[in-house]
2 protein chains.
Amino acid sequence: MPSYKAPIRDYQFVLNEWLELGKYSTLPGFEDLSIVDPILEEGARFAEEVLLPLNQPGDAQGLGFKGGAVTLPEGFVSAYKTYVESGWGAFTFPTEYGGQNLPAVLNMPLTEMICSTNLSFGLLPGLTHGAVSALELNASGEMKRNYMPKMIAGTWSGVMCLTEPQAGTDLGLITTRAEPNSDGSHAITGTKIFISFGEHDASENIIHLVLAKLPDAPEGVKGISLFVVPKFMVNADGSLGARNKVTCASIEHKMGIHASPTCVMNYDGATGFLVGEKHKGLRAMLTMMNEARILVGVQGLGIAEAAAQGALAYAKERPQGRNMKGAKFPDKKADPITVHPDVRRMLLTQRALTEGCRVLAMWAALNMDIRRRSADETEKTRADDFVQLITPIVKGYLTDAGTECASLGMQVLGGYGFIRDYGMEQLLRDCRITQIYEGTNGIQALDLVGRKLPKYTGRYLRSFFHPVTEFIEANRDDKAMAEFTKPLYQGIKSLQQASMWVAMQGLGNPDEAAGASVDYARMFGHVVLGYIWARTAKIALAQLAGGTTEKEFYEGKLATARFFLNKILPEHFSLLAKISAGMKPLAMPDVVM
Amino acid sequence: MPSYKAPIRDYQFVLNEWLELGKYSTLPGFEDLSIVDPILEEGARFAEEVLLPLNQPGDAQGLGFKGGAVTLPEGFVSAYKTYVESGWGAFTFPTEYGGQNLPAVLNMPLTEMICSTNLSFGLLPGLTHGAVSALELNASGEMKRNYMPKMIAGTWSGVMCLTEPQAGTDLGLITTRAEPNSDGSHAITGTKIFISFGEHDASENIIHLVLAKLPDAPEGVKGISLFVVPKFMVNADGSLGARNKVTCASIEHKMGIHASPTCVMNYDGATGFLVGEKHKGLRAMLTMMNEARILVGVQGLGIAEAAAQGALAYAKERPQGRNMKGAKFPDKKADPITVHPDVRRMLLTQRALTEGCRVLAMWAALNMDIRRRSADETEKTRADDFVQLITPIVKGYLTDAGTECASLGMQVLGGYGFIRDYGMEQLLRDCRITQIYEGTNGIQALDLVGRKLPKYTGRYLRSFFHPVTEFIEANRDDKAMAEFTKPLYQGIKSLQQASMWVAMQGLGNPDEAAGASVDYARMFGHVVLGYIWARTAKIALAQLAGGTTEKEFYEGKLATARFFLNKILPEHFSLLAKISAGMKPLAMPDVVM
């Protein structure tokens, strides 16, 4: 049975020392930081005590499906009720609609803890969160008042309905139709697939945000509109009315997230209400999808943390073989496997990726808060630039890290890793979808090279490059920092070269940029984490020099920084070589491919 | 429903053009190559028509377990019967025991096809093959006559019983005891875990090869003996006698290979017969394990091929988006996703790994044949050197490639890849164990740096380095080859530097070699495939210059060679940097790890 302890000390480190949250006390929602520790502790209790015990049973039991109704595994409905009653869903939303208006950066630890302990469960509030954001940004005042309070409370849930059998990445191909009714509503007809929590028994109503085409729609992505399609119609007084013509036709059998229903949804002339302007539905969804992408990144992070904890706990307790330089525990029959350098390599990879990705996710969230809450336009713009740039990296890099950490965890556990009881294989099965949904990681990489890199002739890019080069410059004479800043300097140099290459080649031939995109995005992620770890080392060195009482904590940070910068970051050398090789090696005779 | 066509043309290419099998006609078993095509075709029929249709149903149904008896999924017993009746199990073994004495290199395609279409099934004959090899090398004449003919025929199966709960990699920790009986047999008592096909209903008898300790055994790995423990005792006339005291206590629930029983086996004073010398059991097993490691590598290769076929078939048929330089199929609503450079990158990675690994596996097998069958001692030694060196790479690199190709296949299929019906997720689940069992890939890497690299001051190493440097030298003036030999030259240079680093550092501190081992093994594998692809390019260029009628086939080879050498091999740059960073970044305060 897997165990898990929320990494509260690390959240505090990121919030207080890395992000220096105290500096933002003038931002609305940031005034009182005394709430932070109680929030972390309460979140930890919910994750550890309510969600974790349901995770393996939920995977084993799976979902019920009968007559269009989906039943969640035992205990899930009650856990969701606890979630709703604790008010977690209302965390970041405006008080006007019943929210608590708290910073997104403080919501990140909770999201991560939920995903560490029960990814399937985490999809439900995550999707509702995204749907509320879409309404908040695009819906009329009346629509907001009708739907947002119940969704923010969590008594109603929300889902996003984009994909159709023939239209995944390419949403221009959707065929779901919206015919105007005489009362201003629309009749929605079509089939959507891969709809997570499209149907379930944990909330009183389900609010579908559906992409569909109006009769006068232009071809392709410019002819897509967004509609609200409630499962139960909502009366003027807010009570529930008749069942709408939306039904779950079937649920998929999947590799993982067995407790999360993946539904085929049929809309048979279902009543829908236009959200925002007609034909502008994709834009409305994209804003929300960008938030969702950060959240999916955190799903990867959550799995990475759970896998890292599981592997370390196992490794410390598993005696097998001897340290090659001589037994460490000669009185025992074998040393714990932590003495073996390659096991340490795996554990340190998990640790470096997990803790580094945590900083990245929370750093992105802080910038989301700044762009939303700051009164300073320059600061807002700078924050938005960074969020725009970093979103595809958070989604792609963190979910890759999640799968890698789960796979490393399995390798550390050896044969036991492949056995269900030990829980590691579930982490791997659950995590794998995060690299696919909400825009595959290949699509994230295309977003980075195709949209984010060229934007405003590289202005987004500079929101990351400037702080890094400043940091390297500022630490030029700090000898203790040399082992961290030197590899970081090589990394940022490669990234600058690669950025130039992609930008120049992409001008002449967009296929060149596309062919380099995944290697480029990976390099970018590595360099971001390189910067994160170098700054972490700086903080740790200062704490150790100042005689901290938490010597082991900061020595651990320093050692992990050293590992990342010397054993993971150097991959940029090869990525640069691969990128520079260009498109020619991607050619293939047409008859073959 | 996944489809699969055996890559017969590619087997012919490897056998005839890459390995030039015609050159070995003086070796016993190699005289008549007219048998090759019929063998390939019959093997293909068995895999495509018998095994493939059982693969998904077997995964879904799983195993039955009741009162110690294991029932294979529907159809598996009958498929095994077909296998036995076709005589496949007898392929490579001596005619003296009913074998056909055919070359191992010709057995490779069959093994690969079986693993491509039904990995769970493939374990059964694979394990029997290993058990027969162990008996052939270590058993007395009488024991061979008693067991080998039925096992070679396949009516009896064989299993290897090494692992115990507290003893996985570290076999010195086993506690299973062997007490001498008065009749010369031994009473075996203990529990073995992770015993694949330890119990099942497809063969008449199951011959367990069990590691156990005699009462006078020295501590650790030097006190292990090997015993034959038949499920049913064998009478003097070869008929089956009483049931032995060996029982299956339970079977594991696993991530994959659901149709392969992973058994906990109890030996309660079971009758066993010593194989070979006492206390020399590990050595007897290791010879066999080395063969088994090659076979496990081929399991990875089989999955890689199946995943590559599945992904390519899907990609060719899936219209989504447009080529960025303009529509390729303007009359259709979208282009097939093969137009997207990143999809091509994924498909080409699968292809380059699969076809390259195939050459490697068959090249290793040919050398196994040479060392066994050649009359020339120098040739035998050279072949053995190469097999010794390459075995851990075949096991580690090919199984890593299998998982990577399955994961890439899932990414190409997008959301469909995660859904059971499409079969790709099963390939990923099934393959993952191959990186763990038969010695984890970390253990393979340790074998490479700790045993193979230093052996005879690098003599094993030279069995690979010499042909590569000769090849580069011989093609120095061939301009058409420059795009292949240049990256290969860089790769072998890195590998030589890394070998030197590992050898020098490892002398002073074995932990240094161990810390670099996985990066070193990966680099080694890349360079081996780099050489394979460069030689393949040479062959393809000659064919194209000679006006071959199979232009597309050889152009495909050339394009794939270009891809591997420019887009995968360059990873050696980073691996060298990581290796050179040494052990220091693997240190961690003891309190943390």
# chains A, B, ... in the order shown; residues from 1 in each chain; ligands from 1
>>> closest_atom_pairs(of="segment 419-482 of chain A", to="segment 531-551 of chain A", cutoff="10 Å", atoms="only C-alpha atoms", output="JSON lines")
{"residue": "A:Phe464", "atom": "CA", "partner": "A:Tyr531", "partner_atom": "CA", "distance": 9.7}
{"residue": "A:Pro467", "atom": "CA", "partner": "A:Tyr531", "partner_atom": "CA", "distance": 9.1}
{"residue": "A:Val468", "atom": "CA", "partner": "A:Tyr531", "partner_atom": "CA", "distance": 6.5}
{"residue": "A:Thr469", "atom": "CA", "partner": "A:Tyr531", "partner_atom": "CA", "distance": 9.7}
{"residue": "A:Phe471", "atom": "CA", "partner": "A:Arg535", "partner_atom": "CA", "distance": 8.1}
{"residue": "A:Ile472", "atom": "CA", "partner": "A:Tyr531", "partner_atom": "CA", "distance": 9.2}
{"residue": "A:Asn475", "atom": "CA", "partner": "A:Lys538", "partner_atom": "CA", "distance": 9.0}
{"residue": "A:Asp478", "atom": "CA", "partner": "A:Lys538", "partner_atom": "CA", "distance": 9.6}
{"residue": "A:Ala480", "atom": "CA", "partner": "A:Leu541", "partner_atom": "CA", "distance": 8.0}
{"residue": "A:Met481", "atom": "CA", "partner": "A:Lys538", "partner_atom": "CA", "distance": 6.9}
{"residue": "A:Ala482", "atom": "CA", "partner": "A:Ala534", "partner_atom": "CA", "distance": 9.7}
>>> write_last_selection(atoms="N, CA, C and O atoms", output="PDB file, in the first residue's frame")
ATOM      1  N   PHE A 464      12.097  35.540 -20.081  1.00  0.00           N
ATOM      2  CA  PHE A 464      12.881  34.517 -19.389  1.00  0.00           C
ATOM      3  C   PHE A 464      14.384  34.750 -19.538  1.00  0.00           C
ATOM      4  O   PHE A 464      15.143  34.625 -18.583  1.00  0.00           O
ATOM      5  N   PRO A 467      16.074  37.658 -16.975  1.00  0.00           N
ATOM      6  CA  PRO A 467      16.413  37.293 -15.600  1.00  0.00           C
ATOM      7  C   PRO A 467      17.578  36.304 -15.510  1.00  0.00           C
ATOM      8  O   PRO A 467      18.394  36.398 -14.601  1.00  0.00           O
ATOM      9  N   VAL A 468      17.643  35.384 -16.471  1.00  0.00           N
ATOM     10  CA  VAL A 468      18.715  34.376 -16.404  1.00  0.00           C
ATOM     11  C   VAL A 468      20.079  35.017 -16.625  1.00  0.00           C
ATOM     12  O   VAL A 468      21.026  34.785 -15.856  1.00  0.00           O
ATOM     13  N   THR A 469      20.176  35.825 -17.670  1.00  0.00           N
ATOM     14  CA  THR A 469      21.484  36.428 -17.938  1.00  0.00           C
ATOM     15  C   THR A 469      21.867  37.403 -16.814  1.00  0.00           C
ATOM     16  O   THR A 469      23.034  37.470 -16.427  1.00  0.00           O
ATOM     17  N   PHE A 471      21.047  37.037 -13.709  1.00  0.00           N
ATOM     18  CA  PHE A 471      21.449  36.191 -12.569  1.00  0.00           C
ATOM     19  C   PHE A 471      22.892  35.698 -12.739  1.00  0.00           C
ATOM     20  O   PHE A 471      23.692  35.747 -11.810  1.00  0.00           O
ATOM     21  N   ILE A 472      23.197  35.264 -13.952  1.00  0.00           N
ATOM     22  CA  ILE A 472      24.560  34.774 -14.205  1.00  0.00           C
ATOM     23  C   ILE A 472      25.564  35.906 -14.003  1.00  0.00           C
ATOM     24  O   ILE A 472      26.603  35.732 -13.358  1.00  0.00           O
ATOM     25  N   ASN A 475      26.229  36.835 -10.406  1.00  0.00           N
ATOM     26  CA  ASN A 475      26.967  35.851  -9.619  1.00  0.00           C
ATOM     27  C   ASN A 475      28.330  35.507 -10.216  1.00  0.00           C
ATOM     28  O   ASN A 475      28.963  34.529  -9.812  1.00  0.00           O
ATOM     29  N   ASP A 478      31.041  35.101  -7.683  1.00  0.00           N
ATOM     30  CA  ASP A 478      30.761  34.245  -6.524  1.00  0.00           C
ATOM     31  C   ASP A 478      31.321  32.856  -6.794  1.00  0.00           C
ATOM     32  O   ASP A 478      30.757  32.061  -7.536  1.00  0.00           O
ATOM     33  N   ALA A 480      31.641  30.184  -5.006  1.00  0.00           N
ATOM     34  CA  ALA A 480      30.851  29.030  -4.562  1.00  0.00           C
ATOM     35  C   ALA A 480      29.726  28.720  -5.556  1.00  0.00           C
ATOM     36  O   ALA A 480      29.218  27.605  -5.609  1.00  0.00           O
ATOM     37  N   MET A 481      29.343  29.729  -6.354  1.00  0.00           N
ATOM     38  CA  MET A 481      28.256  29.538  -7.314  1.00  0.00           C
ATOM     39  C   MET A 481      28.752  29.039  -8.666  1.00  0.00           C
ATOM     40  O   MET A 481      27.948  28.689  -9.539  1.00  0.00           O
ATOM     41  N   ALA A 482      30.068  29.005  -8.867  1.00  0.00           N
ATOM     42  CA  ALA A 482      30.598  28.714 -10.207  1.00  0.00           C
ATOM     43  C   ALA A 482      30.130  27.351 -10.721  1.00  0.00           C
ATOM     44  O   ALA A 482      29.799  27.207 -11.903  1.00  0.00           O
TER      45      ALA A 482
END
>>> residues_around(residues="Ala577 of chain B", least_positions_apart="2", cutoff="9 Å", atoms="only C-alpha atoms", output="PDB file with all heavy atoms, in the first residue's frame")
ATOM      1  N   ASN A 566      24.606  19.213 -13.504  1.00  0.00           N
ATOM      2  CA  ASN A 566      25.701  18.437 -14.093  1.00  0.00           C
ATOM      3  C   ASN A 566      25.275  17.131 -14.739  1.00  0.00           C
ATOM      4  O   ASN A 566      26.010  16.576 -15.546  1.00  0.00           O
ATOM      5  CB  ASN A 566      26.754  18.143 -13.016  1.00  0.00           C
ATOM      6  CG  ASN A 566      27.472  19.405 -12.609  1.00  0.00           C
ATOM      7  OD1 ASN A 566      28.296  19.914 -13.356  1.00  0.00           O
ATOM      8  ND2 ASN A 566      27.131  19.939 -11.447  1.00  0.00           N
ATOM      9  N   LYS A 567      24.097  16.628 -14.362  1.00  0.00           N
ATOM     10  CA  LYS A 567      23.715  15.301 -14.846  1.00  0.00           C
ATOM     11  C   LYS A 567      22.446  15.316 -15.702  1.00  0.00           C
ATOM     12  O   LYS A 567      22.122  14.313 -16.329  1.00  0.00           O
ATOM     13  CB  LYS A 567      23.517  14.346 -13.659  1.00  0.00           C
ATOM     14  CG  LYS A 567      24.822  13.959 -12.955  1.00  0.00           C
ATOM     15  CD  LYS A 567      25.663  12.974 -13.774  1.00  0.00           C
ATOM     16  CE  LYS A 567      26.715  12.278 -12.935  1.00  0.00           C
ATOM     17  NZ  LYS A 567      27.555  11.349 -13.718  1.00  0.00           N
ATOM     18  N   PRO A 570      23.062  18.972 -19.097  1.00  0.00           N
ATOM     19  CA  PRO A 570      23.945  18.821 -20.265  1.00  0.00           C
ATOM     20  C   PRO A 570      23.275  18.224 -21.504  1.00  0.00           C
ATOM     21  O   PRO A 570      23.866  18.227 -22.574  1.00  0.00           O
ATOM     22  CB  PRO A 570      25.068  17.912 -19.751  1.00  0.00           C
ATOM     23  CG  PRO A 570      25.111  18.146 -18.284  1.00  0.00           C
ATOM     24  CD  PRO A 570      23.672  18.372 -17.883  1.00  0.00           C
ATOM     25  N   GLU A 571      22.067  17.720 -21.367  1.00  0.00           N
ATOM     26  CA  GLU A 571      21.383  17.214 -22.555  1.00  0.00           C
ATOM     27  C   GLU A 571      21.243  18.303 -23.620  1.00  0.00           C
ATOM     28  O   GLU A 571      21.034  18.000 -24.800  1.00  0.00           O
ATOM     29  CB  GLU A 571      20.003  16.656 -22.160  1.00  0.00           C
ATOM     30  CG  GLU A 571      19.470  15.651 -23.161  1.00  0.00           C
ATOM     31  CD  GLU A 571      18.044  15.188 -22.852  1.00  0.00           C
ATOM     32  OE1 GLU A 571      17.686  15.048 -21.669  1.00  0.00           O
ATOM     33  OE2 GLU A 571      17.285  14.984 -23.816  1.00  0.00           O
ATOM     34  N   PHE A 573      23.417  19.989 -25.017  1.00  0.00           N
ATOM     35  CA  PHE A 573      24.429  19.857 -26.076  1.00  0.00           C
ATOM     36  C   PHE A 573      23.890  19.013 -27.240  1.00  0.00           C
ATOM     37  O   PHE A 573      24.014  19.386 -28.405  1.00  0.00           O
ATOM     38  CB  PHE A 573      25.701  19.193 -25.519  1.00  0.00           C
ATOM     39  CG  PHE A 573      26.476  20.040 -24.542  1.00  0.00           C
ATOM     40  CD1 PHE A 573      26.620  19.645 -23.217  1.00  0.00           C
ATOM     41  CD2 PHE A 573      27.055  21.230 -24.951  1.00  0.00           C
ATOM     42  CE1 PHE A 573      27.340  20.417 -22.311  1.00  0.00           C
ATOM     43  CE2 PHE A 573      27.784  22.015 -24.051  1.00  0.00           C
ATOM     44  CZ  PHE A 573      27.920  21.603 -22.720  1.00  0.00           C
TER      45      PHE A 573
ATOM     46  N   HIS B 572      25.186  11.221 -27.954  1.00  0.00           N
ATOM     47  CA  HIS B 572      26.470  10.873 -27.314  1.00  0.00           C
ATOM     48  C   HIS B 572      27.193  12.095 -26.766  1.00  0.00           C
ATOM     49  O   HIS B 572      27.931  11.996 -25.784  1.00  0.00           O
ATOM     50  CB  HIS B 572      27.366  10.087 -28.272  1.00  0.00           C
ATOM     51  CG  HIS B 572      27.876  10.872 -29.439  1.00  0.00           C
ATOM     52  ND1 HIS B 572      28.961  11.711 -29.363  1.00  0.00           N
ATOM     53  CD2 HIS B 572      27.422  10.970 -30.722  1.00  0.00           C
ATOM     54  CE1 HIS B 572      29.162  12.277 -30.559  1.00  0.00           C
ATOM     55  NE2 HIS B 572      28.243  11.841 -31.390  1.00  0.00           N
ATOM     56  N   PHE B 573      26.975  13.253 -27.378  1.00  0.00           N
ATOM     57  CA  PHE B 573      27.642  14.467 -26.875  1.00  0.00           C
ATOM     58  C   PHE B 573      27.263  14.710 -25.410  1.00  0.00           C
ATOM     59  O   PHE B 573      28.102  14.958 -24.552  1.00  0.00           O
ATOM     60  CB  PHE B 573      27.256  15.689 -27.714  1.00  0.00           C
ATOM     61  CG  PHE B 573      27.815  15.679 -29.114  1.00  0.00           C
ATOM     62  CD1 PHE B 573      26.966  15.613 -30.221  1.00  0.00           C
ATOM     63  CD2 PHE B 573      29.183  15.740 -29.335  1.00  0.00           C
ATOM     64  CE1 PHE B 573      27.474  15.616 -31.516  1.00  0.00           C
ATOM     65  CE2 PHE B 573      29.705  15.747 -30.627  1.00  0.00           C
ATOM     66  CZ  PHE B 573      28.844  15.672 -31.722  1.00  0.00           C
ATOM     67  N   SER B 574      25.952  14.649 -25.149  1.00  0.00           N
ATOM     68  CA  SER B 574      25.480  14.900 -23.788  1.00  0.00           C
ATOM     69  C   SER B 574      25.854  13.778 -22.841  1.00  0.00           C
ATOM     70  O   SER B 574      26.199  14.022 -21.676  1.00  0.00           O
ATOM     71  CB  SER B 574      23.959  15.029 -23.777  1.00  0.00           C
ATOM     72  OG  SER B 574      23.579  16.100 -24.573  1.00  0.00           O
ATOM     73  N   LEU B 575      25.776  12.563 -23.342  1.00  0.00           N
ATOM     74  CA  LEU B 575      26.109  11.431 -22.478  1.00  0.00           C
ATOM     75  C   LEU B 575      27.560  11.525 -22.033  1.00  0.00           C
ATOM     76  O   LEU B 575      27.881  11.261 -20.870  1.00  0.00           O
ATOM     77  CB  LEU B 575      25.812  10.114 -23.208  1.00  0.00           C
ATOM     78  CG  LEU B 575      24.317   9.863 -23.441  1.00  0.00           C
ATOM     79  CD1 LEU B 575      24.103   8.729 -24.445  1.00  0.00           C
ATOM     80  CD2 LEU B 575      23.590   9.539 -22.131  1.00  0.00           C
ATOM     81  N   ILE B 579      28.711  11.692 -18.212  1.00  0.00           N
ATOM     82  CA  ILE B 579      29.666  10.717 -17.680  1.00  0.00           C
ATOM     83  C   ILE B 579      30.856  11.442 -17.057  1.00  0.00           C
ATOM     84  O   ILE B 579      31.268  11.147 -15.936  1.00  0.00           O
ATOM     85  CB  ILE B 579      30.136   9.756 -18.807  1.00  0.00           C
ATOM     86  CG1 ILE B 579      28.978   8.842 -19.222  1.00  0.00           C
ATOM     87  CG2 ILE B 579      31.346   8.947 -18.374  1.00  0.00           C
ATOM     88  CD1 ILE B 579      29.197   8.090 -20.531  1.00  0.00           C
ATOM     89  N   SER B 580      31.370  12.438 -17.792  1.00  0.00           N
ATOM     90  CA  SER B 580      32.571  13.143 -17.326  1.00  0.00           C
ATOM     91  C   SER B 580      32.310  13.929 -16.050  1.00  0.00           C
ATOM     92  O   SER B 580      33.249  14.289 -15.340  1.00  0.00           O
ATOM     93  CB  SER B 580      33.091  14.097 -18.408  1.00  0.00           C
ATOM     94  OG  SER B 580      33.128  13.450 -19.661  1.00  0.00           O
ATOM     95  N   ALA B 581      31.038  14.234 -15.759  1.00  0.00           N
ATOM     96  CA  ALA B 581      30.730  14.958 -14.525  1.00  0.00           C
ATOM     97  C   ALA B 581      30.985  14.089 -13.290  1.00  0.00           C
ATOM     98  O   ALA B 581      31.115  14.612 -12.179  1.00  0.00           O
ATOM     99  CB  ALA B 581      29.278  15.441 -14.530  1.00  0.00           C
TER     100      ALA B 581
END
>>> residues_around(residues="Thr117 of chain B", least_positions_apart="5", cutoff="10 Å", atoms="only C-alpha atoms", output="MDAnalysis selection string")
chainID B and resid 2:6 44 46:56 112 122 302:303 305:306 427
>>> atom_distance(atom1="atom CA of Arg145 of chain B", atom2="atom CA of Val132 of chain B")
11.4 Å
>>> closest_atom_pairs(of="chain B", to="chain A", cutoff="6 Å", atoms="only C-alpha atoms", output="tab-separated table")
residue	atom	partner	partner_atom	distance
B:Asp170	CA	A:Gly321	CA	5.4
B:His253	CA	A:Arg420	CA	5.7
B:Lys254	CA	A:Ile419	CA	4.5
B:Met255	CA	A:Phe418	CA	5.6
B:Gln320	CA	A:Asp170	CA	5.5
B:Gly321	CA	A:Asp170	CA	5.4
B:Pro341	CA	A:Gly515	CA	4.7
B:Asp342	CA	A:Gly515	CA	5.4
B:Gly414	CA	A:Ile436	CA	5.8
B:Phe418	CA	A:Met255	CA	5.6
B:Ile419	CA	A:Lys254	CA	4.5
B:Arg420	CA	A:Lys254	CA	5.3
B:Ile436	CA	A:Gly414	CA	5.8
B:Ala514	CA	A:Pro341	CA	6.0
B:Gly515	CA	A:Pro341	CA	4.7
B:Ala559	CA	A:Met588	CA	5.8
B:Arg562	CA	A:Pro585	CA	5.4
B:Phe563	CA	A:Pro585	CA	4.5
B:Lys567	CA	A:Lys578	CA	5.0
B:Pro570	CA	A:Ser574	CA	5.5
B:Glu571	CA	A:Ser574	CA	4.9
B:Phe573	CA	A:Ser574	CA	5.6
B:Ser574	CA	A:Glu571	CA	4.9
B:Lys578	CA	A:Lys567	CA	5.0
B:Pro585	CA	A:Phe563	CA	4.5
B:Met588	CA	A:Ala559	CA	5.8
>>> select_by_dssp(residues="segment 127-351 of chain B", states="alpha helix (DSSP H)", output="PyMOL selection string")
chain B and resi 127-138+141-153+281-317+341-351
>>> select_by_dssp(residues="segment 116-230 of chain B", states="strand (DSSP E or B)", output="ChimeraX atom specification")
/B:156-161,164,167,177-180,186-196,205-213,224-230
>>> residues_around(residues="Val84 of chain A", least_positions_apart="6", cutoff="7 Å", atoms="only C-alpha atoms", output="list in words")
Ala153, Gly154 and Thr155 of chain A
>>> residues_around(residues="Glu20 of chain A", least_positions_apart="5", cutoff="12 Å", atoms="only C-alpha atoms", output="compact mmCIF listing (two decimals) with N, CA and C atoms, in the first residue's frame")
# COMPACT_ATOMS: atom_id res chain seq x y z
N TYR A 11 6.82 23.33 -0.10
CA TYR A 11 5.91 24.42 -0.53
C TYR A 11 6.31 25.72 0.16
N GLN A 12 6.61 25.63 1.44
CA GLN A 12 7.01 26.84 2.18
C GLN A 12 8.29 27.42 1.60
N PHE A 13 9.22 26.52 1.27
CA PHE A 13 10.47 27.00 0.66
C PHE A 13 10.19 27.77 -0.63
N VAL A 14 9.36 27.18 -1.49
CA VAL A 14 9.09 27.82 -2.78
C VAL A 14 8.37 29.15 -2.57
N LEU A 15 7.36 29.15 -1.73
CA LEU A 15 6.57 30.36 -1.53
C LEU A 15 7.40 31.47 -0.86
N SER A 25 2.80 41.91 -1.02
CA SER A 25 1.71 42.13 -0.06
C SER A 25 0.74 43.22 -0.51
N PHE A 30 -3.02 38.87 -1.41
CA PHE A 30 -1.69 38.52 -0.89
C PHE A 30 -1.41 39.20 0.46
N LEU A 33 -0.49 36.57 4.77
CA LEU A 33 0.14 35.29 4.48
C LEU A 33 0.08 34.30 5.65
N VAL A 105 -1.36 30.99 -6.89
CA VAL A 105 -0.11 30.38 -6.44
C VAL A 105 -0.33 29.58 -5.15
N VAL A 359 8.75 24.43 -8.43
CA VAL A 359 9.05 25.86 -8.49
C VAL A 359 8.46 26.45 -9.77
N MET A 362 4.65 26.91 -9.65
CA MET A 362 4.22 27.95 -8.73
C MET A 362 4.67 29.34 -9.20
N TRP A 363 5.80 29.36 -9.88
CA TRP A 363 6.29 30.60 -10.48
C TRP A 363 5.33 31.06 -11.58
N LEU A 366 2.19 32.36 -9.86
CA LEU A 366 2.39 33.71 -9.29
C LEU A 366 2.25 34.77 -10.38
N ILE A 539 20.23 30.38 -2.77
CA ILE A 539 19.48 30.51 -1.51
C ILE A 539 20.05 29.56 -0.46
>>> residues_around(residues="Arg177 of chain B", least_positions_apart="2", cutoff="10 Å", atoms="only C-alpha atoms", output="list of chain:residue names")
B:Ile174, B:Thr175, B:Glu179, B:Pro180, B:His186, B:Ala187, B:Ile188, B:Thr189, B:Gly190, B:Thr191, B:Leu211, B:Ala212, B:Lys213, B:Leu214, B:Pro215, B:Ala217, B:Ile224, B:Ser225, B:Tyr267, B:Gly269
>>> atom_distance(atom1="atom CA of Lys486 of chain B", atom2="atom CA of Ala474 of chain B")
12.8 Å
>>> closest_residue(among="B:Gln505, B:Thr457, B:Ser374, B:Thr247", to="Tyr24 of chain B", atoms="only C-alpha atoms")
B:Ser374
>>> atom_distance(atom1="atom CA of Leu389 of chain B", atom2="atom CA of Gln496 of chain B")
14.8 Å
>>> residues_around(residues="His208 of chain A", least_positions_apart="4", cutoff="12 Å", atoms="only C-alpha atoms", output="ChimeraX atom specification")
/A:127-128,130-132,134-135,147,151,156-162,188,192,195-199,212,226-233,244-247,265-267,270-275
